[in-house]
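Below is query.txt, holding compact mmCIF, C-alpha atoms.
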```txt
# COMPACT_ATOMS: atom_id res chain seq x y z
CA MET A 1 -5.82 7.41 -35.32
CA ALA A 2 -2.86 7.34 -32.94
CA THR A 3 -2.96 8.61 -29.36
CA SER A 4 0.02 10.90 -28.67
CA VAL A 5 1.81 10.81 -25.31
CA ASP A 6 5.28 11.57 -24.05
CA VAL A 7 5.98 8.06 -22.76
CA VAL A 8 4.45 4.63 -23.22
CA VAL A 9 5.31 2.03 -20.56
CA ILE A 10 4.74 -1.50 -21.82
CA GLY A 11 3.95 -3.83 -18.92
CA GLY A 12 2.05 -3.12 -15.70
CA GLY A 13 3.89 -5.34 -13.24
CA GLN A 14 6.34 -4.18 -10.58
CA ALA A 15 8.75 -2.60 -13.08
CA GLY A 16 6.03 -0.76 -14.95
CA LEU A 17 4.52 0.56 -11.72
CA ALA A 18 7.91 1.77 -10.48
CA ALA A 19 8.40 3.62 -13.76
CA GLY A 20 4.89 5.05 -13.42
CA TYR A 21 5.67 6.37 -9.94
CA TYR A 22 8.60 8.43 -11.20
CA LEU A 23 6.81 9.48 -14.38
CA ARG A 24 3.89 10.76 -12.29
CA ARG A 25 6.30 13.03 -10.42
CA THR A 26 7.71 14.51 -13.66
CA GLY A 27 4.40 15.65 -15.09
CA HIS A 28 4.99 13.82 -18.38
CA ARG A 29 1.94 12.55 -20.29
CA PHE A 30 2.21 8.80 -20.10
CA VAL A 31 0.26 5.57 -20.23
CA ILE A 32 1.01 2.07 -18.94
CA LEU A 33 -0.19 -0.70 -21.24
CA ASP A 34 -0.67 -4.04 -19.49
CA ASP A 35 -1.74 -7.25 -21.21
CA GLN A 36 -3.07 -8.82 -18.00
CA PRO A 37 -6.77 -8.59 -17.06
CA THR A 38 -6.00 -7.66 -13.44
CA PRO A 39 -3.17 -5.90 -11.55
CA GLY A 40 -0.12 -7.70 -10.19
CA GLY A 41 1.96 -8.53 -13.25
CA ALA A 42 3.21 -12.12 -13.08
CA TRP A 43 2.44 -12.55 -9.39
CA PRO A 44 -1.19 -13.75 -9.79
CA HIS A 45 0.19 -16.64 -11.88
CA MET A 46 2.70 -17.88 -9.29
CA TRP A 47 1.96 -21.06 -7.37
CA PRO A 48 0.02 -20.29 -4.18
CA SER A 49 2.66 -21.46 -1.72
CA LEU A 50 5.44 -19.30 -3.20
CA ARG A 51 6.84 -16.80 -0.71
CA LEU A 52 9.25 -13.91 -0.92
CA PHE A 53 12.79 -14.53 0.31
CA SER A 54 12.63 -11.71 2.85
CA PRO A 55 10.18 -9.82 5.08
CA ALA A 56 7.75 -7.39 3.46
CA GLU A 57 9.74 -4.34 4.55
CA TYR A 58 12.56 -5.51 2.28
CA ALA A 59 10.31 -5.50 -0.80
CA PRO A 60 9.03 -1.94 -1.29
CA LEU A 61 8.38 -0.12 -4.52
CA PRO A 62 9.35 3.56 -4.43
CA GLY A 63 7.26 5.81 -2.23
CA TRP A 64 5.26 3.29 -0.25
CA PRO A 65 6.44 0.26 1.79
CA MET A 66 4.81 -3.10 1.36
CA PRO A 67 2.49 -3.66 4.35
CA HIS A 68 3.79 -5.98 7.06
CA TRP A 69 3.00 -9.67 6.74
CA ARG A 70 2.00 -11.27 10.00
CA ASP A 71 3.75 -14.63 9.65
CA GLY A 72 7.26 -14.84 8.22
CA PHE A 73 7.86 -14.07 4.58
CA PRO A 74 4.86 -12.87 2.51
CA PRO A 75 3.11 -15.18 0.02
CA ALA A 76 2.49 -14.28 -3.61
CA SER A 77 -1.09 -13.23 -2.79
CA HIS A 78 0.22 -10.52 -0.45
CA VAL A 79 2.40 -9.17 -3.26
CA VAL A 80 -0.61 -9.07 -5.60
CA ASP A 81 -2.61 -7.13 -3.01
CA TYR A 82 0.26 -4.68 -2.58
CA LEU A 83 0.77 -4.07 -6.29
CA THR A 84 -2.99 -3.61 -6.76
CA ALA A 85 -3.15 -1.05 -3.95
CA TYR A 86 0.04 0.67 -5.16
CA GLU A 87 -1.43 1.20 -8.62
CA ALA A 88 -4.55 2.77 -7.11
CA ARG A 89 -2.65 4.81 -4.50
CA TYR A 90 -0.70 6.71 -7.15
CA ASP A 91 -3.57 6.79 -9.66
CA LEU A 92 -1.35 5.31 -12.34
CA PRO A 93 -2.87 5.42 -15.87
CA VAL A 94 -2.92 1.70 -16.60
CA GLU A 95 -4.93 0.41 -19.53
CA ARG A 96 -5.70 -3.31 -19.56
CA PRO A 97 -5.90 -5.75 -21.07
CA VAL A 98 -3.83 -4.28 -23.89
CA ARG A 99 -1.37 -6.59 -25.63
CA VAL A 100 1.34 -4.66 -27.44
CA THR A 101 2.36 -6.48 -30.59
CA ALA A 102 4.96 -4.13 -32.09
CA VAL A 103 7.06 -1.03 -31.50
CA ARG A 104 8.23 0.73 -34.66
CA ARG A 105 10.21 3.82 -35.57
CA ASP A 106 8.23 6.66 -37.09
CA GLY A 107 10.34 9.76 -37.64
CA SER A 108 11.11 11.39 -34.32
CA ASP A 109 8.64 9.16 -32.47
CA LEU A 110 8.08 5.50 -31.70
CA MET A 111 4.78 3.88 -32.66
CA VAL A 112 3.35 1.35 -30.22
CA GLU A 113 0.83 -1.01 -31.77
CA ALA A 114 -1.76 -3.15 -30.00
CA GLY A 115 -4.09 -4.62 -32.59
CA ALA A 116 -6.03 -1.75 -34.14
CA ARG A 117 -4.90 0.70 -31.45
CA ILE A 118 -1.78 2.83 -31.85
CA TRP A 119 0.10 5.14 -29.50
CA ARG A 120 2.66 7.66 -30.70
CA ALA A 121 5.35 8.25 -28.06
CA ARG A 122 8.54 10.24 -27.79
CA ARG A 123 9.95 7.57 -25.48
CA VAL A 124 9.08 3.97 -24.64
CA ILE A 125 9.89 1.97 -21.51
CA SER A 126 9.61 -1.78 -22.01
CA SER A 127 8.95 -3.63 -18.75
CA THR A 128 7.31 -6.86 -19.86
CA GLY A 129 9.42 -9.13 -17.66
CA THR A 130 10.13 -12.78 -18.34
CA TRP A 131 7.22 -14.84 -17.00
CA GLN A 132 5.56 -15.10 -20.41
CA GLN A 133 8.73 -16.49 -21.98
CA PRO A 134 9.52 -19.77 -20.18
CA PHE A 135 12.69 -21.49 -21.36
CA TRP A 136 12.36 -25.11 -22.44
CA PRO A 137 15.73 -26.76 -23.18
CA ILE A 138 15.95 -29.08 -26.15
CA TYR A 139 16.92 -32.61 -25.13
CA PRO A 140 17.00 -35.82 -27.17
CA GLY A 141 13.87 -37.88 -26.73
CA ALA A 142 11.65 -35.03 -25.52
CA ARG A 143 9.14 -35.62 -28.30
CA THR A 144 8.93 -39.35 -27.74
CA PHE A 145 8.46 -39.17 -23.96
CA THR A 146 4.91 -40.39 -23.31
CA GLY A 147 4.54 -38.89 -19.84
CA ARG A 148 3.63 -35.32 -18.94
CA GLN A 149 6.03 -32.41 -19.31
CA LEU A 150 5.40 -29.04 -17.69
CA HIS A 151 7.26 -25.86 -16.82
CA THR A 152 7.37 -23.83 -13.61
CA VAL A 153 4.62 -21.61 -15.06
CA ASP A 154 2.24 -24.59 -15.04
CA TYR A 155 2.81 -25.65 -11.42
CA ARG A 156 0.15 -25.05 -8.79
CA THR A 157 0.23 -27.60 -5.93
CA PRO A 158 2.00 -30.89 -5.14
CA ASP A 159 -1.31 -32.72 -4.84
CA GLU A 160 -1.55 -33.23 -8.61
CA PHE A 161 1.65 -35.32 -8.47
CA ALA A 162 0.56 -37.67 -5.69
CA GLY A 163 1.94 -41.18 -6.18
CA ALA A 164 3.79 -40.33 -9.42
CA ASP A 165 7.46 -40.65 -10.35
CA VAL A 166 8.59 -37.08 -10.96
CA VAL A 167 11.84 -35.63 -12.31
CA VAL A 168 12.50 -31.94 -11.58
CA VAL A 169 15.07 -30.24 -13.82
CA GLY A 170 16.90 -27.07 -12.77
CA GLY A 171 19.38 -25.72 -10.25
CA GLY A 172 17.80 -22.48 -9.03
CA ASN A 173 15.40 -21.36 -6.34
CA SER A 174 12.27 -22.43 -8.18
CA ALA A 175 13.61 -25.93 -8.77
CA ALA A 176 14.61 -26.36 -5.13
CA GLN A 177 11.23 -25.17 -3.90
CA LEU A 178 9.39 -27.45 -6.30
CA VAL A 179 11.51 -30.42 -5.21
CA ALA A 180 10.76 -29.54 -1.59
CA GLU A 181 7.00 -29.51 -2.22
CA ILE A 182 6.57 -32.29 -4.76
CA SER A 183 8.69 -34.70 -2.70
CA THR A 184 6.02 -34.60 0.01
CA THR A 185 3.55 -36.38 -2.27
CA ALA A 186 5.59 -38.11 -4.99
CA SER A 187 8.79 -40.03 -5.65
CA THR A 188 10.99 -37.15 -6.76
CA THR A 189 14.33 -37.04 -8.56
CA TRP A 190 16.20 -33.75 -8.89
CA VAL A 191 18.63 -33.24 -11.76
CA THR A 192 20.87 -30.23 -12.36
CA SER A 193 23.41 -29.26 -15.03
CA ARG A 194 25.90 -28.44 -12.26
CA PRO A 195 25.93 -29.15 -8.52
CA PRO A 196 23.39 -26.89 -6.78
CA ARG A 197 24.85 -23.99 -4.84
CA PHE A 198 23.05 -23.39 -1.55
CA LEU A 199 23.34 -20.14 0.34
CA ALA A 200 24.20 -20.32 4.03
CA ASP A 201 21.17 -21.06 6.18
CA GLY A 202 21.01 -17.55 7.63
CA VAL A 203 21.25 -15.73 4.31
CA ASP A 204 17.95 -14.62 2.83
CA GLY A 205 16.67 -11.79 0.66
CA ARG A 206 17.81 -9.16 3.13
CA ALA A 207 21.47 -10.02 2.60
CA LEU A 208 20.94 -10.38 -1.14
CA PHE A 209 19.43 -6.92 -1.38
CA GLU A 210 22.33 -5.44 0.58
CA VAL A 211 24.80 -7.00 -1.87
CA ALA A 212 22.80 -5.67 -4.82
CA ALA A 213 22.65 -2.21 -3.26
CA ARG A 214 26.41 -2.11 -2.73
CA ARG A 215 26.98 -3.19 -6.32
CA ALA A 216 24.60 -0.53 -7.65
CA ALA A 217 26.32 2.17 -5.60
CA ALA A 218 29.76 1.09 -6.78
CA LEU A 219 28.76 1.06 -10.44
CA ALA A 220 27.01 4.44 -10.14
CA ALA A 221 30.17 5.91 -8.63
CA GLY A 222 32.34 4.47 -11.39
CA ARG A 223 34.12 2.07 -9.08
CA PRO A 224 35.08 -1.49 -10.10
CA ASP A 225 32.23 -3.99 -10.16
CA PRO A 226 32.32 -5.78 -6.77
CA GLY A 227 30.21 -8.65 -8.08
CA GLY A 228 26.59 -9.49 -7.46
CA VAL A 229 24.55 -11.98 -5.49
CA ALA A 230 25.52 -14.88 -7.77
CA ALA A 231 28.81 -15.20 -5.89
CA LEU A 232 26.88 -16.16 -2.74
CA GLY A 233 25.03 -19.07 -4.32
CA ASP A 234 21.84 -19.79 -6.21
CA ILE A 235 19.37 -21.22 -3.69
CA VAL A 236 17.97 -19.44 -0.64
CA MET A 237 17.30 -21.82 2.24
CA VAL A 238 13.70 -20.87 2.93
CA PRO A 239 11.92 -23.00 5.56
CA GLU A 240 10.43 -25.42 3.02
CA VAL A 241 13.82 -26.07 1.43
CA LEU A 242 15.47 -26.49 4.83
CA ALA A 243 12.81 -29.06 5.75
CA ALA A 244 13.43 -30.93 2.50
CA ARG A 245 17.13 -31.04 3.25
CA GLU A 246 16.44 -32.46 6.70
CA ARG A 247 14.45 -35.34 5.25
CA GLY A 248 17.10 -36.02 2.57
CA ALA A 249 15.10 -34.82 -0.43
CA LEU A 250 17.66 -32.36 -1.81
CA THR A 251 20.24 -34.71 -3.31
CA ALA A 252 20.73 -33.71 -6.94
CA LEU A 253 21.85 -35.99 -9.76
CA PRO A 254 23.73 -34.82 -12.87
CA MET A 255 21.65 -33.83 -15.87
CA PHE A 256 20.37 -36.81 -17.83
CA ASP A 257 21.52 -37.47 -21.40
CA ARG A 258 18.10 -37.98 -22.92
CA LEU A 259 14.45 -38.71 -22.33
CA THR A 260 13.08 -42.15 -23.13
CA THR A 261 9.49 -43.11 -23.85
CA ASP A 262 8.86 -43.69 -20.15
CA GLY A 263 11.55 -41.78 -18.29
CA VAL A 264 15.08 -40.40 -18.48
CA ALA A 265 18.49 -41.97 -19.04
CA TRP A 266 22.16 -41.44 -18.28
CA GLY A 267 24.08 -43.66 -20.70
CA ASP A 268 22.93 -47.20 -19.93
CA ARG A 269 21.16 -46.18 -16.73
CA ARG A 270 17.43 -45.60 -17.04
CA GLN A 271 14.88 -44.23 -14.60
CA HIS A 272 11.11 -44.27 -14.90
CA ALA A 273 9.26 -40.97 -14.85
CA ASP A 274 5.59 -40.15 -15.18
CA ILE A 275 6.22 -36.39 -15.15
CA VAL A 276 9.15 -34.12 -15.98
CA VAL A 277 9.03 -30.62 -14.52
CA TRP A 278 11.28 -28.11 -16.28
CA ALA A 279 12.27 -25.46 -13.71
CA THR A 280 14.72 -24.05 -16.22
CA GLY A 281 14.08 -20.35 -16.01
CA PHE A 282 12.86 -17.70 -18.40
CA ARG A 283 13.96 -15.37 -21.15
CA PRO A 284 13.00 -11.70 -21.60
CA ALA A 285 9.61 -11.28 -23.28
CA LEU A 286 10.71 -8.93 -26.06
CA GLY A 287 8.76 -10.08 -29.11
CA HIS A 288 7.08 -6.67 -29.39
CA LEU A 289 10.49 -5.08 -30.04
CA ARG A 290 11.29 -7.30 -33.02
CA PRO A 291 10.59 -4.59 -35.65
CA LEU A 292 13.35 -2.44 -34.12
CA ARG A 293 16.00 -5.12 -34.79
CA LEU A 294 17.89 -4.51 -31.57
CA ARG A 295 19.23 -7.93 -30.66
CA GLY A 296 22.93 -8.68 -30.93
CA HIS A 297 24.50 -11.93 -32.12
CA ASP A 298 24.00 -13.44 -28.66
CA GLY A 299 20.27 -12.70 -28.74
CA ALA A 300 20.46 -9.97 -26.06
CA VAL A 301 19.61 -6.30 -26.52
CA PRO A 302 22.77 -4.25 -25.90
CA THR A 303 22.13 -1.45 -23.41
CA ILE A 304 23.89 1.41 -21.68
CA GLY A 305 22.24 1.32 -18.29
CA THR A 306 18.61 0.79 -19.27
CA ARG A 307 18.82 2.59 -22.63
CA ALA A 308 18.92 0.45 -25.77
CA LEU A 309 22.21 1.07 -27.56
CA LYS A 310 20.66 0.90 -31.04
CA GLU A 311 17.52 2.86 -30.14
CA PRO A 312 18.14 5.58 -27.54
CA ARG A 313 14.42 6.43 -27.30
CA LEU A 314 13.81 3.01 -25.73
CA HIS A 315 14.58 1.88 -22.18
CA LEU A 316 14.39 -1.71 -20.93
CA LEU A 317 13.47 -2.07 -17.30
CA GLY A 318 13.32 -4.97 -14.84
CA TYR A 319 14.62 -7.85 -16.94
CA GLY A 320 17.61 -8.73 -14.76
CA ASP A 321 21.06 -7.49 -13.87
CA TRP A 322 21.74 -6.44 -17.46
CA THR A 323 19.15 -3.68 -16.92
CA GLY A 324 20.48 -2.76 -13.47
CA PRO A 325 21.66 -4.64 -10.35
CA GLY A 326 18.73 -6.42 -8.73
CA SER A 327 16.31 -4.90 -11.26
CA ALA A 328 14.23 -8.09 -11.49
CA THR A 329 13.32 -7.73 -7.79
CA ILE A 330 10.61 -5.55 -6.28
CA LEU A 331 13.14 -3.55 -4.24
CA GLY A 332 15.81 -3.29 -6.92
CA VAL A 333 13.59 -2.16 -9.77
CA GLY A 334 12.83 1.15 -8.08
CA ARG A 335 16.46 2.17 -8.32
CA THR A 336 16.71 1.49 -12.04
CA ALA A 337 13.26 2.96 -12.75
CA LYS A 338 14.38 6.23 -11.19
CA SER A 339 17.48 6.41 -13.35
CA ALA A 340 15.60 5.40 -16.50
CA VAL A 341 12.99 8.14 -16.08
CA ALA A 342 15.70 10.68 -15.31
CA GLU A 343 17.42 9.82 -18.61
CA LEU A 344 14.38 10.15 -20.88
CA ASP A 345 15.65 13.48 -22.33
CA LEU A 346 12.19 14.75 -23.23
CA ASP A 347 13.49 18.30 -23.54
CA ASP A 348 15.47 17.60 -26.68
```
Could you express the structure from this file as structure tokens?
Amino acid sequence: MATSVDVVVIGGGQAGLAAGYYLRRTGHRFVILDDQPTPGGAWPHMWPSLRLFSPAEYAPLPGWPMPHWRDGFPPASHVVDYLTAYEARYDLPVERPVRVTAVRRDGSDLMVEAGARIWRARRVISSTGTWQQPFWPIYPGARTFTGRQLHTVDYRTPDEFAGADVVVVGGGNSAAQLVAEISTTASTTWVTSRPPRFLADGVDGRALFEVAARRAAALAAGRPDPGGVAALGDIVMVPEVLAARERGALTALPMFDRLTTDGVAWGDRRQHADIVVWATGFRPALGHLRPLRLRGHDGAVPTIGTRALKEPRLHLLGYGDWTGPGSATILGVGRTAKSAVAELDLDD
């Protein structure tokens, strides 16, 4: 027997909690279904040394600022504590662990399935993020490489790489931070598909959020798109990355052509590698929406704002700039969550 509610939010990380905050204020009957055993979304799975790119006061969800962190930028554990307390502070109706497997159309409603359990909802907000969908590029020789291959999601500390020859692949923040750490214990080679783009030393998350806020305001007012944070660069020079640059560990090589049995190769040039770390990003975790057949030819779900173009009863929240400027950040997702909840049209 299905449980009937006005809104089902799928995902209990930062995006789902921001949606819950605004839903709580509307009086709608709603539930947040989270497949994790504990609060915090993806943050409990981050490597322990990961820090935000800005002070805590620049990373609030709506209604309640993140508590101050005593020493520089907050670590992932501080974010987990904040999201846990936020969920309790606003008494958000989170059920966990509940893994949603499918969303289907059923007359005027959407049916949300999680094993034998079913929810009937007038609207659905999908906020499952990207962490559970790591992107592994396909390169020649990957199956014959006899060393270890891992993705960002598998990384914990540099100690496990001590004394090894390591190749880190990727040109973003995660790759740069992994190079900075792993190079303290291992012989590390960094390869990127294009030359890495470093932000100026004094530019951190505070400046990035200001750019995202200006872009959001311009788009909301119908003005031309002024461009987002990508124009500034890809890599924030956090202290660990700055230190790696000072010791000469941030020189990137072009992407290799193929993997060999014991390393990587560029044409006739070969390099030994015990481990290849793929810091190659993520894709939206949208497998539960497959029955709705929403993806376009490019694999993306076309949206107007956060609303799915082919299914107006569905909103997608927090997956990246295509669901709102800065919406994959703790600060930015509040803005798009507010607009998504305001557009639910539950009076029709």
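Using all atoms listed in the file, the protein and nucleic acid residues lying no more than 9 Å from Tyr319 of chain A, apart from those fewer than 6 places from it along its own chain, are Ala15, Ser127, Thr128, Gly129, Thr130, Arg283, Pro284, Ala285, Ser327 and Ala328 of chain A.
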Using only C-alpha atoms, please write the residues we just selected to a file, as a PDB file, in the coordinates of the input.
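Output saved as selection.pdb:
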```
ATOM      1  CA  ALA A  15       8.750  -2.600 -13.080  1.00  0.00           C
ATOM      2  CA  SER A 127       8.950  -3.630 -18.750  1.00  0.00           C
ATOM      3  CA  THR A 128       7.310  -6.860 -19.860  1.00  0.00           C
ATOM      4  CA  GLY A 129       9.420  -9.130 -17.660  1.00  0.00           C
ATOM      5  CA  THR A 130      10.130 -12.780 -18.340  1.00  0.00           C
ATOM      6  CA  ARG A 283      13.960 -15.370 -21.150  1.00  0.00           C
ATOM      7  CA  PRO A 284      13.000 -11.700 -21.600  1.00  0.00           C
ATOM      8  CA  ALA A 285       9.610 -11.280 -23.280  1.00  0.00           C
ATOM      9  CA  SER A 327      16.310  -4.900 -11.260  1.00  0.00           C
ATOM     10  CA  ALA A 328      14.230  -8.090 -11.490  1.00  0.00           C
TER      11      ALA A 328
END
```
What's around Arg96 of chain A at 12 Å? Count all atoms listed in the file, leave out sequence neighbours fewer than 5 positions away in its own chain, and write the answer as a PyMOL selection string. chain A and resi 10-13+31-41+114
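Counting only C-alpha atoms, the residue from A:Ile235, A:Val100, A:Ile118, A:Leu92 that sits nearest to Leu250 of chain A is A:Ile235.
The residue that comes closest to Val169 of chain A, out of A:Pro75, A:Gly318, A:Gly16, A:Pro254 and on the basis of all atoms listed in the file, is A:Pro254.
Closest to Gly107 of chain A among A:Ala121, A:Leu294, A:Leu317, A:Ala19 is A:Ala121, based on all atoms listed in the file.
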A:Asp298, A:Glu181, A:Asp6, A:Asp91 ranked by distance to Val124 of chain A, top pick (using only C-alpha atoms): A:Asp6
Could you write out as AutoDock Vina command-line options the box around segment 307-316 of chain A (axis-aligned, all atoms listed in the file, 8 Å on each side), with centre and edge lengths in Å to one decimal?
```
--center_x 18.0 --center_y 2.4 --center_z -26.0 --size_x 24.4 --size_y 24.1 --size_z 26.1
```
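Ranking A:Ser174, A:Ala2, A:Thr189, A:Tyr22 by their shortest atom-to-atom distance to Asp106 of chain A, with only C-alpha atoms included, puts A:Ala2 first.
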For segment 55-65 of chain A, work out the shell of residues within 7 Å, counting only C-alpha atoms and skipping chain neighbours fewer than 5 positions away, then give it as a VMD selection string. chain A and resid 18 72 to 74 206 330 to 331 334
Which residue, A:Ser339, A:Met255, A:Pro291, A:Thr192, has the smallest gap to Gly267 of chain A when you use only C-alpha atoms? A:Met255
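Atom CA of Leu316 of chain A to atom CA of Arg51 of chain A spans 26.3 Å [interatomic distance, one decimal].
What separates atom CA of Leu309 of chain A from atom CA of Leu292 of chain A is a distance of 11.6 Å.
Here atom CA of Val236 of chain A and atom CA of Leu199 of chain A stand 5.5 Å from one another.
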Expected answer as a ChimeraX atom specification: all residues with atoms within 7 Å of (-0.5, 9.7, -33.7), all atoms listed in the file: /A:1-4,119-120
Save the residues we just selected, C-alpha atoms, as a short mmCIF file (atom, residue, chain, number, x, y, z; two decimals), in the frame of the given file?
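Written output follows (selection.cif):
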```
data_model
loop_
_atom_site.label_atom_id
_atom_site.label_comp_id
_atom_site.auth_asym_id
_atom_site.auth_seq_id
_atom_site.Cartn_x
_atom_site.Cartn_y
_atom_site.Cartn_z
CA MET A 1 -5.82 7.41 -35.32
CA ALA A 2 -2.86 7.34 -32.94
CA THR A 3 -2.96 8.61 -29.36
CA SER A 4 0.02 10.90 -28.67
CA TRP A 119 0.10 5.14 -29.50
CA ARG A 120 2.66 7.66 -30.70
#
```
Find the residues near Leu150 of chain A: any atom within 12 Å, counting all atoms listed in the file, skip ones fewer than 3 places away on the same chain, and give them as a ChimeraX atom specification. /A:134-137,142,147,153-156,161,166-169,274-280
Restricted to C-alpha atoms, what would the selected residues look like written as a compact mmCIF listing (two decimals), keeping the file's coordinate frame?
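Output file result_38.txt follows:
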```txt
# COMPACT_ATOMS: atom_id res chain seq x y z
CA PRO A 134 9.52 -19.77 -20.18
CA PHE A 135 12.69 -21.49 -21.36
CA TRP A 136 12.36 -25.11 -22.44
CA PRO A 137 15.73 -26.76 -23.18
CA ALA A 142 11.65 -35.03 -25.52
CA GLY A 147 4.54 -38.89 -19.84
CA VAL A 153 4.62 -21.61 -15.06
CA ASP A 154 2.24 -24.59 -15.04
CA TYR A 155 2.81 -25.65 -11.42
CA ARG A 156 0.15 -25.05 -8.79
CA PHE A 161 1.65 -35.32 -8.47
CA VAL A 166 8.59 -37.08 -10.96
CA VAL A 167 11.84 -35.63 -12.31
CA VAL A 168 12.50 -31.94 -11.58
CA VAL A 169 15.07 -30.24 -13.82
CA ASP A 274 5.59 -40.15 -15.18
CA ILE A 275 6.22 -36.39 -15.15
CA VAL A 276 9.15 -34.12 -15.98
CA VAL A 277 9.03 -30.62 -14.52
CA TRP A 278 11.28 -28.11 -16.28
CA ALA A 279 12.27 -25.46 -13.71
CA THR A 280 14.72 -24.05 -16.22
```
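Within 10 Å of the file-frame point (4.2, -40.3, -9.6), and using all atoms listed in the file, the polymer residues found are A:Glu160, A:Phe161, A:Ala162, A:Gly163, A:Ala164, A:Asp165, A:Val166, A:Val167, A:Ile182, A:Ser183, A:Thr185, A:Ala186, A:Ser187, A:Thr188, A:His272, A:Ala273, A:Asp274, A:Ile275.
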